[in-house]
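Just below is one structure, and these are the notes that go with it.
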Amino acid sequence: MIAIAPPLVAILLSPLLGALLAPLAERRWNRAPSVVAAVASTLALGVLLLQVPAILEGVTPLQQWSWLPAMGLDLALRCDGLSLLFALLILGMGLLVDLYARYYLPTEAPRGRFYALLLTFQAAMLGLVLSDNLLLLVLFWELTSLVSFLLIGFDPSTAGARRGARMALLVTGAGGLALLAGVLLLGSVVGSLSLTEVLAAGDQVRNHPLHLPILLLILLGAFTKSAQIPFHFWLLGAMSAPTPVSAYLHSATMVKAGVFLLARLFPVLADGGLWFALVGGVGLATFLFGAYVALFKHDMKGLLAYSTISHLGLMVFLIGLGTPLGVVAGLFHAINHAVFKASLFMAVGIIGHETGTRDMRRLSGLFVFLPITGTLAMVAAASMAGVPLLNGFLSKEMFFVETLDSPRIAGWPVLQWLMPAAAILGGAFSAAYSLRLIRDVFFNGRFDGQSLGLSKPPGEPRRLMRLPIEVLVAVCLLVGIFPEQVVRPVLSLGARGVLGFVPDYHLSLWQGWSPAFQMSLAALGGALLLHLLRRPLFAAHARWFPPARGARSFQRLSARLLGLAYRARQRIESLSLPTNLRWLVATAILLATLGWLMARPSDGVPIRWIAVTPMPLDGPSLAAAAILALSTLGVVLRRGDRLWALLLTGAVGLVVSLAFVHFSAPDLALTQVSVEIVTTLLLLLVLTLLPSSLDLRPPGWRQRRDLLLAVTGGIGSAVLAALMMLRPAKPISEGYLQAAEPLAGAGNVVNAILVDFRALDTLGEISVLAIAAVGIAAMTRGLTLRLPTRGDTAGSRARPEDSGEPDRDARHPLMLSAVARPVLPAALMLAAFLLLRGHEAPGGGFVAGLVVGAALILLQVANGFGWTAARFHPDYLRLIGVGLLLALLTGLGALLFDRPLLTSAMLHWTLPLLGELSLTSTLIFDVGVLLVVTGTLLLILESLGRLGNSGRDTLTIGTSREVG
Amino acid sequence: MEWLIATMIGLLIGCGIYLLLRSRSFPVVLGLLLLSYGVNLFVFAAGGLRVDQPPLIASGSPYADPLPQALVLTAIVIGFAMTAFVLMLALRALSELGSDRVDERQGDEES
């Protein structure tokens, strides 16, 4: 049965919305972001608690929207007991960390960003535990890695933070990719990525040949995230994060995502021997290794980090046992660890804040100054050590029981004593480092503030900053003393979420003189022994233990990879544009030749290369072709004389437009002519700024090679073009011709294609225009140009009046400026005309935009940029933006009527004078095109014009100046 | 006529390629312009050559192929934006590097 009570998605949306609001709130009030965060988390918690009655009844609230059904990705959420347990942890811890961070962060810290990231993390983590779709789960999984990266590098000014952030991202991100691969395999085996269906297909997966790769890939994901050996090293680097982040992400929640995943997929993947060997083995090794290393860490956060690694190993081991009770113990320890470790991180944060150091060798005797924080830390550390009356004791006791009589080790006499021994050893080290943390920091002699350079003695923090620690320590005690009442309901729900039933387990403070209790005593006794022997132990450790290699070999590996990439790039990279283009052209010629040689008749019918009778030649065409050929060759030969080259290029463009006119393409001709004018103007403006383009004479062989490429390319494309024109072909545009009138209400089929049939392409095209315009505007910003010296400029520019006085008036001849002014209204009329009739006859937004632009440019050229700017100074970027929005909104309008994007609607009117006017929604789209084209044109010309204009002033006075 | 147009296309593209391979920025821009003329004509010619048959419904069938025309129309406008962008890039490079060379070799003799 599916219950859709209060919407699950609100649990995610609330923190996400908060993440958006937090930076905005910061502008009002520096501390407002923490309030936003608290409200967002509280709301999410409220919605979560509303799900509890349904879950208690055994119903799993589900919610599902199709997202990318073709890829099997659904926005599907579920909230069973396991999700509930973790979601409560995430939100509860989140609230406490919100409060703590409010006082922890220095006043000048960017709080908006901090809380936005924290809330984004919260949403991602909630999404991870609430996903009912495995792809969605992976998505949130990677999102948590990303936010973790940003939070570790929250203060990017320190190299350690940057390095730690990068390392964490690479390790957890790579694990995430492995997880993705595993999940996709799993989905292909089950035939669905829905968690509900995957969980029901456990037997099918375990008996499938792909079971081993699936298991390995998913474990890789879980182990990297939960910092298991050999991937544990990133967690130490992550300690560069602000302490609230360490408490929240890197001990309480994110690093438990791996544990969560193991529990989540437990019913599918746990198959007995292999699961136990891999998961249990890695977990136990991590537990021992972490506990051992933690004892010898001098940095308080380093100690806590390795302790976290060790405890994560413990949880992984418990789940790896593959027994129901193991799962219960693992989940129980996940809760307990979050509670005591977060409070310890917070206490350590306070100490670091008050003393300016986290090095335990320099701290001592702080209990006198921080009696309350010290007491709280002691209780939490005792819980970490597994002292009775506290929550840590209970879950550690369950752990000891499991190592003693797990059915998994029944047939293995070696394991029967090895596992309890390992458990006692690990427990002893845990207790020893807890003891060391408390003793070194709070006792161990008098506090020496002077050596730390402290101006005032450390003191207790504000009451509210300590409140989260107090709450957590209270939870430690409550769970430790009244486990049945406090924790059993949640834990049983969680266990049922994993196993489908609640195994019979005991939670009580006193279970008699049991073997497990004896093991606890042994562990505590061992800790005392370790403490007494600490001096020789530390010496032996320093002498024999190899320095931590994980992080360093990781860095060496990444440096080597980067070096490899750099060398590879150096081999193939050329900084020379001609060289790159030569390769490009040669490749194009080669591919075309290959295509030619490999052309085979498809069905036995020989290819008929020429099927159309060529059109007869006529005199005007030949004349035009002669002009084109001469101009083109002229451009090549006279490229050193820039003005000539420019004029000849213009001639080429005009002949091309004539060709468009002749061969039934009036729209193209109009566009080409307008673009020609504008391009020529543009080049003229640039001409003054570029130095003389006298060609460099490269060695003869290089020139011959270029000539060969050019001739081959030219002949090849000529032959290709001829064959293409003469081939027997049926155009694919018949449909457009037939549909233009009835469907688009258009007489001009080219325009109908642009603004209606293929409007999405046009939208893309005007976006490209806009991007080019923005790019050009950005490049002109801060551009300084050294004007070419007089002798350098093209001869045609060296007019007599250029050498002396400023000649502003001479630049803007009276005739031109007088004529240009009335041209503007006329041009605007013409543009409106072209735009309106574009759907019926040649015209349309592109041409009209070019006409408006050209007219305005003419005005500027004739009257000077200053004159124009004084009268007409729109924000071109805004114009472009409005145009894009207009086009987009017209397209979106179709969605309102439940039609696909960019569907057109039309109205036909008969107006006096203009005749029949069809007003379609595409007209508005075309107006958008016009605005973008005009805006782009003017922005480009204005950017260049500003350069040219300021250039002229200096140019007329001196010879060589800097131009801003 | 088809062969004539094809020859012109070949000439434009060949000259465009040659200029594109020059080592200073202004000829490269000119080469880009010539190349775009050639390529636009090429794409346009893909629809076949028709005289007096514009794709306007009112003019009566048969029509020239409208699809290549639509493609070329946007290509012309985009080509302008690209030319402008390349020009501005050339100016920026000139200002940053103090040279309008587009190859890495410096100090070759001028002709």
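To be explicit about the labels: the chains of the structure tokens are called A, B, and onward in the order shown, and within each one the residues are counted from 1, while ligands get numbers from 1 in the order they are shown.
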
Fill in: DSSP alpha helix (DSSP H) selection over chain B, as a PyMOL selection string
chain B and resi 2-20+25-45+66-97

Fill in: Expected answer as number ranges by chain: chain A residues within 6 Å of chain B, only C-alpha atoms
A: 575-578, 615-617, 663-665, 668, 696-697, 710-711, 713-715, 717-718, 721-722, 725, 733, 747-750, 776, 784-785

Worksheet item: Which residue gives the smallest distance to Leu62 in chain A among A:Gly775, A:Pro209, A:Gly853, A:Pro7, with only C-alpha atoms counted?
Response: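 Ranking A:Gly775, A:Pro209, A:Gly853, A:Pro7 by distance to Leu62 in chain A, first place goes to A:Pro7.
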
Worksheet entry | Val147 in chain A surroundings by only C-alpha atoms, 7 Å radius, close-in-sequence under 3 positions cut, as a PyMOL selection string | chain A and resi 117+121+143-144+150-151

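The spacing separating CA of Val861 in chain A from CA of Val929 in chain A amounts to 24.7 Å.
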
Worksheet item: Expressed in Å to a single decimal, how great is the separation between CA of Leu452 in chain A and CA of Thr158 in chain A?
Response: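 Computing the Euclidean distance for CA of Leu452 in chain A and CA of Thr158 in chain A yields 21.1 Å.
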
Discussion item. Residues near Val486 in chain A, anyone? I mean within 12 Å using only C-alpha atoms, not counting same-chain ones fewer than 4 positions away, as a list in words.
Written reply: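 Everything that qualifies: Phe332, Asn391, Ala474, Val475, Cys476, Leu477, Leu478, Val479, Gly480, Ile481, Phe482, Val490, Leu491, Ser492, Leu507 and Ser508 of chain A.
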